[in-house]
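Trainee: Structure supplied as entry-v3.cif; contents: mmCIF, C-alpha atoms.
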```
data_input
loop_
_atom_site.group_PDB
_atom_site.id
_atom_site.type_symbol
_atom_site.label_atom_id
_atom_site.label_comp_id
_atom_site.auth_asym_id
_atom_site.auth_seq_id
_atom_site.Cartn_x
_atom_site.Cartn_y
_atom_site.Cartn_z
ATOM 1 C CA MET R 9 236.724 -147.755 196.190
ATOM 2 C CA SER R 10 235.143 -145.404 198.755
ATOM 3 C CA CYS R 11 234.459 -141.735 198.097
ATOM 4 C CA GLN R 12 237.072 -140.725 200.641
ATOM 5 C CA SER R 13 239.762 -142.863 199.032
ATOM 6 C CA GLN R 14 238.815 -141.526 195.578
ATOM 7 C CA TYR R 15 239.056 -138.023 196.937
ATOM 8 C CA ASP R 16 242.413 -138.729 198.617
ATOM 9 C CA SER R 17 243.842 -140.285 195.449
ATOM 10 C CA LEU R 18 242.657 -137.384 193.296
ATOM 11 C CA VAL R 19 244.021 -134.767 195.671
ATOM 12 C CA SER R 20 247.393 -136.507 196.070
ATOM 13 C CA SER R 21 247.705 -137.218 192.356
ATOM 14 C CA SER R 22 250.321 -135.084 190.672
ATOM 15 C CA VAL R 23 249.104 -136.050 187.200
ATOM 16 C CA ARG R 24 246.341 -133.814 185.904
ATOM 17 C CA SER R 25 244.052 -135.566 183.493
ATOM 18 C CA GLU R 26 241.190 -134.271 181.406
ATOM 19 C CA PRO R 27 238.695 -132.316 183.558
ATOM 20 C CA SER R 28 236.144 -134.804 184.725
ATOM 21 C CA ALA R 29 233.019 -134.278 186.787
ATOM 22 C CA ILE R 30 234.930 -135.313 189.908
ATOM 23 C CA ASN R 31 237.776 -132.893 189.187
ATOM 24 C CA LYS R 32 235.283 -130.092 188.624
ATOM 25 C CA CYS R 33 233.597 -130.923 191.934
ATOM 26 C CA LEU R 34 236.948 -130.929 193.719
ATOM 27 C CA TRP R 35 237.837 -127.582 192.185
ATOM 28 C CA THR R 36 234.508 -126.198 193.388
ATOM 29 C CA LEU R 37 235.024 -127.632 196.886
ATOM 30 C CA ARG R 38 238.288 -125.708 197.231
ATOM 31 C CA ASN R 39 236.264 -122.494 197.231
ATOM 32 C CA VAL R 40 233.583 -123.658 199.669
ATOM 33 C CA PRO R 41 233.705 -122.190 203.193
ATOM 34 C CA SER R 42 234.883 -124.604 205.865
ATOM 35 C CA HIS R 43 231.588 -124.499 207.801
ATOM 36 C CA ILE R 44 229.772 -125.766 204.713
ATOM 37 C CA LEU R 45 232.276 -128.595 204.338
ATOM 38 C CA TRP R 46 231.804 -129.457 208.022
ATOM 39 C CA HIS R 47 228.024 -129.453 207.514
ATOM 40 C CA LEU R 48 228.425 -131.693 204.464
ATOM 41 C CA GLU R 49 230.623 -134.130 206.363
ATOM 42 C CA THR R 50 228.392 -134.335 209.447
ATOM 43 C CA LYS R 51 224.886 -133.896 208.019
ATOM 44 C CA GLY R 52 225.153 -135.396 204.550
ATOM 45 C CA LEU R 53 224.495 -134.068 201.077
ATOM 46 C CA LEU R 54 220.704 -133.645 201.246
ATOM 47 C CA LYS R 55 220.593 -131.707 204.524
ATOM 48 C CA THR R 56 223.589 -129.615 203.486
ATOM 49 C CA SER R 57 222.022 -128.687 200.166
ATOM 50 C CA LYS R 58 218.812 -127.644 201.992
ATOM 51 C CA PHE R 59 220.923 -125.626 204.455
ATOM 52 C CA VAL R 60 222.883 -123.863 201.704
ATOM 53 C CA LEU R 61 219.759 -123.190 199.652
ATOM 54 C CA ALA R 62 217.925 -121.742 202.666
ATOM 55 C CA LYS R 63 220.881 -119.460 203.433
ATOM 56 C CA ALA R 64 221.090 -118.308 199.804
ATOM 57 C CA LEU R 65 217.351 -117.616 199.603
ATOM 58 C CA LYS R 66 217.459 -115.709 202.875
ATOM 59 C CA ARG R 67 220.377 -113.629 201.603
ATOM 60 C CA ILE R 68 218.494 -112.546 198.477
ATOM 61 C CA GLY R 69 215.278 -111.913 200.419
ATOM 62 C CA VAL R 70 213.075 -114.824 199.321
ATOM 63 C CA LYS R 71 210.719 -115.800 202.124
ATOM 64 C CA LYS R 72 209.745 -119.306 203.195
ATOM 65 C CA LYS R 73 206.796 -120.813 201.330
ATOM 66 C CA ASP R 74 203.465 -119.796 202.772
ATOM 67 C CA SER R 75 201.690 -122.353 204.879
ATOM 68 C CA PRO R 76 198.478 -124.061 203.708
ATOM 69 C CA SER R 77 196.407 -121.750 205.949
ATOM 70 C CA ARG R 78 197.466 -118.746 203.842
ATOM 71 C CA GLU R 79 196.413 -120.597 200.699
ATOM 72 C CA ARG R 80 192.931 -120.866 202.209
ATOM 73 C CA GLY R 81 192.821 -117.075 202.473
ATOM 74 C CA GLU R 82 193.592 -116.645 206.169
ATOM 75 C CA THR R 83 195.571 -113.515 206.950
ATOM 76 C CA GLN R 84 198.142 -115.112 209.230
ATOM 77 C CA SER R 85 199.531 -118.625 209.478
ATOM 78 C CA SER R 86 199.928 -120.456 212.773
ATOM 79 C CA TYR R 87 203.660 -120.465 212.045
ATOM 80 C CA ASP R 88 203.786 -116.668 212.440
ATOM 81 C CA GLU R 89 201.065 -116.096 215.022
ATOM 82 C CA VAL R 90 201.599 -112.940 217.082
ATOM 83 C CA LEU R 91 199.524 -112.457 220.244
ATOM 84 C CA ASN R 92 201.626 -109.709 221.857
ATOM 85 C CA LEU R 93 201.147 -111.385 225.243
ATOM 86 C CA GLN R 94 201.880 -109.361 228.346
ATOM 87 C CA LEU R 95 202.844 -110.148 231.931
ATOM 88 C CA GLY R 96 200.041 -111.869 233.877
ATOM 89 C CA GLU R 97 197.831 -112.792 230.923
ATOM 90 C CA LEU R 98 196.183 -116.213 231.047
ATOM 91 C CA VAL R 99 197.036 -118.532 228.145
ATOM 92 C CA GLU R 100 196.397 -122.115 227.187
ATOM 93 C CA VAL R 101 199.048 -124.270 225.556
ATOM 94 C CA LYS R 102 197.696 -125.593 222.247
ATOM 95 C CA SER R 103 197.394 -129.302 221.529
ATOM 96 C CA GLU R 104 200.480 -131.179 220.417
ATOM 97 C CA GLU R 105 199.042 -131.594 216.903
ATOM 98 C CA GLU R 106 198.492 -127.836 216.555
ATOM 99 C CA ILE R 107 202.021 -127.121 217.756
ATOM 100 C CA LEU R 108 203.600 -129.735 215.486
ATOM 101 C CA ALA R 109 201.899 -128.034 212.530
ATOM 102 C CA THR R 110 203.976 -124.901 213.254
ATOM 103 C CA LEU R 111 207.320 -126.726 213.225
ATOM 104 C CA ASP R 112 209.797 -127.396 210.442
ATOM 105 C CA GLU R 113 211.508 -130.744 209.768
ATOM 106 C CA ASN R 114 213.922 -130.093 212.672
ATOM 107 C CA ARG R 115 211.094 -129.589 215.223
ATOM 108 C CA LYS R 116 211.734 -125.830 215.282
ATOM 109 C CA ASN R 117 209.590 -122.736 214.870
ATOM 110 C CA LYS R 118 211.785 -119.947 213.465
ATOM 111 C CA GLY R 119 214.811 -121.540 215.115
ATOM 112 C CA LEU R 120 213.227 -122.248 218.527
ATOM 113 C CA LEU R 121 213.182 -125.948 219.367
ATOM 114 C CA TRP R 122 210.027 -127.697 220.531
ATOM 115 C CA MET R 123 211.315 -130.134 223.142
ATOM 116 C CA ALA R 124 209.591 -133.428 223.927
ATOM 117 C CA GLY R 125 209.383 -132.453 227.608
ATOM 118 C CA MET R 126 207.037 -129.591 226.696
ATOM 119 C CA ARG R 127 204.395 -132.096 225.590
ATOM 120 C CA ARG R 128 203.098 -132.562 229.149
ATOM 121 C CA PHE R 129 201.929 -128.916 229.266
ATOM 122 C CA CYS R 130 199.643 -129.191 226.220
ATOM 123 C CA GLY R 131 196.035 -128.248 226.939
ATOM 124 C CA LYS R 132 196.873 -126.659 230.295
ATOM 125 C CA ARG R 133 196.516 -123.026 231.339
ATOM 126 C CA PHE R 134 199.224 -120.791 232.705
ATOM 127 C CA ARG R 135 199.969 -117.129 233.268
ATOM 128 C CA VAL R 136 202.607 -115.293 231.276
ATOM 129 C CA TYR R 137 205.598 -114.760 233.544
ATOM 130 C CA LYS R 138 207.723 -112.667 231.196
ATOM 131 C CA ARG R 139 208.257 -111.672 227.573
ATOM 132 C CA LEU R 140 211.632 -112.583 226.101
ATOM 133 C CA GLU R 141 213.301 -109.975 223.939
ATOM 134 C CA ARG R 142 216.865 -111.311 223.981
ATOM 135 C CA ILE R 143 218.884 -114.094 225.577
ATOM 136 C CA LEU R 144 222.552 -114.833 226.180
ATOM 137 C CA LEU R 145 223.863 -118.063 224.663
ATOM 138 C CA GLU R 146 226.165 -119.521 227.290
ATOM 139 C CA SER R 147 228.153 -121.557 224.779
ATOM 140 C CA THR R 148 229.188 -118.603 222.601
ATOM 141 C CA GLU R 149 228.530 -115.668 224.948
ATOM 142 C CA GLU R 150 226.533 -113.923 222.218
ATOM 143 C CA TYR R 151 223.142 -112.272 222.524
ATOM 144 C CA ARG R 152 220.203 -113.435 220.407
ATOM 145 C CA GLU R 153 217.103 -111.391 219.756
ATOM 146 C CA LEU R 154 213.771 -113.188 220.203
ATOM 147 C CA LYS R 155 210.350 -112.281 218.867
ATOM 148 C CA ASN R 156 206.941 -113.478 220.010
ATOM 149 C CA THR R 157 208.388 -115.636 222.790
ATOM 150 C CA VAL R 158 207.353 -115.799 226.453
ATOM 151 C CA LEU R 159 208.032 -117.653 229.689
ATOM 152 C CA LEU R 160 205.103 -119.163 231.584
ATOM 153 C CA GLU R 161 204.761 -119.214 235.370
ATOM 154 C CA GLY R 162 205.989 -122.486 236.859
ATOM 155 C CA VAL R 163 206.606 -124.130 233.480
ATOM 156 C CA MET R 164 210.125 -125.500 233.665
ATOM 157 C CA CYS R 165 212.139 -128.365 232.296
ATOM 158 C CA ASP R 166 212.166 -131.380 234.608
ATOM 159 C CA GLY R 167 215.472 -132.580 233.127
ATOM 160 C CA LYS R 168 214.266 -136.107 232.309
ATOM 161 C CA GLU R 169 215.245 -135.901 228.660
ATOM 162 C CA PHE R 170 218.639 -134.461 229.643
ATOM 163 C CA TYR R 171 219.916 -137.291 231.850
ATOM 164 C CA GLY R 172 218.389 -135.924 235.044
ATOM 165 C CA CYS R 173 219.630 -132.337 234.713
ATOM 166 C CA ASP R 174 218.473 -130.379 237.761
ATOM 167 C CA ARG R 175 218.863 -126.782 236.559
ATOM 168 C CA SER R 176 215.076 -126.229 236.239
ATOM 169 C CA CYS R 177 215.345 -123.988 233.185
ATOM 170 C CA PHE R 178 212.251 -122.241 231.884
ATOM 171 C CA HIS R 179 210.810 -123.542 228.637
ATOM 172 C CA TYR R 180 210.636 -120.880 225.916
ATOM 173 C CA TRP R 181 207.179 -120.623 224.341
ATOM 174 C CA ARG R 182 206.401 -119.175 220.931
ATOM 175 C CA GLU R 183 203.128 -117.277 220.888
ATOM 176 C CA ALA R 184 202.126 -119.537 217.973
ATOM 177 C CA TRP R 185 202.006 -122.419 220.487
ATOM 178 C CA LEU R 186 199.656 -120.583 222.859
ATOM 179 C CA SER R 187 196.137 -119.185 222.757
ATOM 180 C CA ARG R 188 194.844 -116.306 224.864
ATOM 181 C CA VAL R 189 192.139 -117.213 227.404
ATOM 182 C CA ASN R 190 189.445 -114.669 228.264
ATOM 183 C CA GLU R 191 188.935 -114.538 232.003
#
```
If you convert what's in this file into structure tokens, what do you get?
Mentor:
Amino acid sequence: MSCQSQYDSLVSSSVRSEPSAINKCLWTLRNVPSHILWHLETKGLLKTSKFVLAKALKRIGVKKKDSPSRERGETQSSYDEVLNLQLGELVEVKSEEEILATLDENRKNKGLLWMAGMRRFCGKRFRVYKRLERILLESTEEYRELKNTVLLEGVMCDGKEFYGCDRSCFHYWREAWLSRVNE
């Protein structure tokens, strides 16, 4: 019998038996917010438990585990690197290996996705076009604040990984993915 059919039979059952582990779980699920249930249904138990745990830790103020570089005594990890880049400064995009070391299991650095199309810019030099402080999400029409993120001159998405999209959007670059070049 599948989990869904067990669930359906337990929910539709009018007879209440001794509290079992399944009944206790069902009782708990009645009090779970719908977005968590959606996450559980679409992402699975392991990813949902990581998601819920991360949210709970964030709510009580526990920070993410320090990176190995902090364990070695360095003052700042590559995950958090802040260069305070300004308009016109020359930067070099770090190697793919260095950038991957700053990403979590979802290929993100503090929520900003590293896209495969950005790989072709690794090791190349560009000028900072603009600092990003906030953006508008088109899908929800809400503003998001950004920290330590810049646009680079002429560095745009070619659309190949998005079925030939021709919008030519700028790639967003975390300062942790860049290094300042002395001219």
Trainee: Starting from the displayed file, determine the output of the PyMOL selection byres ((chain R and resi 114-127) around 9) and express the residue list as a PyMOL selection string.
Mentor: chain R and resi 87-88+103-104+107-108+110-113+128-130+163-169+179-182+184
Trainee: Applying the PyMOL selection byres ((chain R and resi 146-155) around 10) to the file I just gave you, which residues come out? Please list them as a PyMOL selection string.
Mentor: chain R and resi 90+92+118-120+139-145+156-158+182-183
Trainee: Ranking R:Phe178, R:Phe59, R:Gly172, R:Val189 by minimum distance to Lys102 in chain R and counting only C-alpha atoms, which one comes first?
Mentor: R:Val189
Trainee: Given the file shown, enumerate the residues that the PyMOL selection byres ((chain R and resi 135) around 7) captures and present them as a list of chain:residue names.
Mentor: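 That expression, the PyMOL selection byres ((chain R and resi 135) around 7), corresponds here to R:Gly96, R:Glu97, R:Leu98, R:Val99, R:Phe134, R:Val136, R:Tyr137, R:Leu160, R:Glu161.
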Trainee: Using Å and a single decimal, report how far CA of Val101 in chain R sits from CA of Gly162 in chain R.
Mentor: 13.4 Å
Trainee: Give me range 113-138 of chain R from this structure - N, CA and C atoms, as a PDB file, in the first residue's frame.
Mentor:
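Below is the file decode_21.pdb, written as the result:
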```pdb
ATOM      1  N   GLU R 113      24.781  23.724  -1.728  1.00  0.00           N
ATOM      2  CA  GLU R 113      24.389  22.549  -2.508  1.00  0.00           C
ATOM      3  C   GLU R 113      23.427  22.882  -3.653  1.00  0.00           C
ATOM      4  N   ASN R 114      22.847  24.076  -3.649  1.00  0.00           N
ATOM      5  CA  ASN R 114      21.940  24.492  -4.724  1.00  0.00           C
ATOM      6  C   ASN R 114      22.606  25.429  -5.730  1.00  0.00           C
ATOM      7  N   ARG R 115      23.951  25.473  -5.722  1.00  0.00           N
ATOM      8  CA  ARG R 115      24.736  26.339  -6.604  1.00  0.00           C
ATOM      9  C   ARG R 115      24.440  27.815  -6.360  1.00  0.00           C
ATOM     10  N   LYS R 116      24.229  28.185  -5.096  1.00  0.00           N
ATOM     11  CA  LYS R 116      23.927  29.573  -4.755  1.00  0.00           C
ATOM     12  C   LYS R 116      24.911  30.094  -3.713  1.00  0.00           C
ATOM     13  N   ASN R 117      25.157  31.398  -3.780  1.00  0.00           N
ATOM     14  CA  ASN R 117      25.932  32.108  -2.780  1.00  0.00           C
ATOM     15  C   ASN R 117      24.991  33.118  -2.142  1.00  0.00           C
ATOM     16  N   LYS R 118      24.583  32.861  -0.907  1.00  0.00           N
ATOM     17  CA  LYS R 118      23.619  33.701  -0.196  1.00  0.00           C
ATOM     18  C   LYS R 118      22.386  33.974  -1.043  1.00  0.00           C
ATOM     19  N   GLY R 119      21.895  32.946  -1.712  1.00  0.00           N
ATOM     20  CA  GLY R 119      20.662  33.053  -2.488  1.00  0.00           C
ATOM     21  C   GLY R 119      20.842  33.417  -3.945  1.00  0.00           C
ATOM     22  N   LEU R 120      22.035  33.866  -4.358  1.00  0.00           N
ATOM     23  CA  LEU R 120      22.267  34.246  -5.752  1.00  0.00           C
ATOM     24  C   LEU R 120      22.822  33.055  -6.521  1.00  0.00           C
ATOM     25  N   LEU R 121      22.133  32.683  -7.579  1.00  0.00           N
ATOM     26  CA  LEU R 121      22.474  31.496  -8.358  1.00  0.00           C
ATOM     27  C   LEU R 121      23.692  31.723  -9.242  1.00  0.00           C
ATOM     28  N   TRP R 122      24.589  30.765  -9.227  1.00  0.00           N
ATOM     29  CA  TRP R 122      25.701  30.712 -10.186  1.00  0.00           C
ATOM     30  C   TRP R 122      25.186  29.910 -11.369  1.00  0.00           C
ATOM     31  N   MET R 123      25.063  30.563 -12.523  1.00  0.00           N
ATOM     32  CA  MET R 123      24.515  29.897 -13.700  1.00  0.00           C
ATOM     33  C   MET R 123      25.641  29.328 -14.551  1.00  0.00           C
ATOM     34  N   ALA R 124      25.371  28.218 -15.197  1.00  0.00           N
ATOM     35  CA  ALA R 124      26.384  27.535 -16.018  1.00  0.00           C
ATOM     36  C   ALA R 124      26.921  28.450 -17.112  1.00  0.00           C
ATOM     37  N   GLY R 125      26.108  29.340 -17.624  1.00  0.00           N
ATOM     38  CA  GLY R 125      26.537  30.257 -18.684  1.00  0.00           C
ATOM     39  C   GLY R 125      27.584  31.259 -18.230  1.00  0.00           C
ATOM     40  N   MET R 126      27.767  31.402 -16.926  1.00  0.00           N
ATOM     41  CA  MET R 126      28.755  32.347 -16.394  1.00  0.00           C
ATOM     42  C   MET R 126      30.165  31.760 -16.432  1.00  0.00           C
ATOM     43  N   ARG R 127      30.237  30.458 -16.641  1.00  0.00           N
ATOM     44  CA  ARG R 127      31.510  29.735 -16.664  1.00  0.00           C
ATOM     45  C   ARG R 127      32.474  30.306 -17.711  1.00  0.00           C
ATOM     46  N   ARG R 128      31.948  30.739 -18.835  1.00  0.00           N
ATOM     47  CA  ARG R 128      32.816  31.201 -19.938  1.00  0.00           C
ATOM     48  C   ARG R 128      33.545  32.504 -19.621  1.00  0.00           C
ATOM     49  N   PHE R 129      33.171  33.188 -18.529  1.00  0.00           N
ATOM     50  CA  PHE R 129      33.820  34.440 -18.158  1.00  0.00           C
ATOM     51  C   PHE R 129      34.938  34.237 -17.135  1.00  0.00           C
ATOM     52  N   CYS R 130      35.093  33.022 -16.634  1.00  0.00           N
ATOM     53  CA  CYS R 130      36.125  32.744 -15.631  1.00  0.00           C
ATOM     54  C   CYS R 130      37.516  33.065 -16.167  1.00  0.00           C
ATOM     55  N   GLY R 131      38.314  33.729 -15.330  1.00  0.00           N
ATOM     56  CA  GLY R 131      39.685  34.064 -15.696  1.00  0.00           C
ATOM     57  C   GLY R 131      39.817  35.305 -16.556  1.00  0.00           C
ATOM     58  N   LYS R 132      38.723  35.916 -16.938  1.00  0.00           N
ATOM     59  CA  LYS R 132      38.767  37.107 -17.791  1.00  0.00           C
ATOM     60  C   LYS R 132      38.586  38.369 -16.965  1.00  0.00           C
ATOM     61  N   ARG R 133      39.022  39.489 -17.535  1.00  0.00           N
ATOM     62  CA  ARG R 133      38.958  40.776 -16.832  1.00  0.00           C
ATOM     63  C   ARG R 133      37.882  41.669 -17.431  1.00  0.00           C
ATOM     64  N   PHE R 134      37.223  42.385 -16.525  1.00  0.00           N
ATOM     65  CA  PHE R 134      36.149  43.284 -16.925  1.00  0.00           C
ATOM     66  C   PHE R 134      36.128  44.484 -15.990  1.00  0.00           C
ATOM     67  N   ARG R 135      35.441  45.519 -16.407  1.00  0.00           N
ATOM     68  CA  ARG R 135      35.239  46.689 -15.558  1.00  0.00           C
ATOM     69  C   ARG R 135      33.867  46.587 -14.889  1.00  0.00           C
ATOM     70  N   VAL R 136      33.798  47.112 -13.678  1.00  0.00           N
ATOM     71  CA  VAL R 136      32.527  47.146 -12.964  1.00  0.00           C
ATOM     72  C   VAL R 136      31.642  48.184 -13.647  1.00  0.00           C
ATOM     73  N   TYR R 137      30.467  47.757 -14.050  1.00  0.00           N
ATOM     74  CA  TYR R 137      29.509  48.640 -14.704  1.00  0.00           C
ATOM     75  C   TYR R 137      28.631  49.352 -13.672  1.00  0.00           C
ATOM     76  N   LYS R 138      28.218  48.597 -12.642  1.00  0.00           N
ATOM     77  CA  LYS R 138      27.299  49.158 -11.661  1.00  0.00           C
ATOM     78  C   LYS R 138      27.220  48.258 -10.436  1.00  0.00           C
TER      79      LYS R 138
END
```
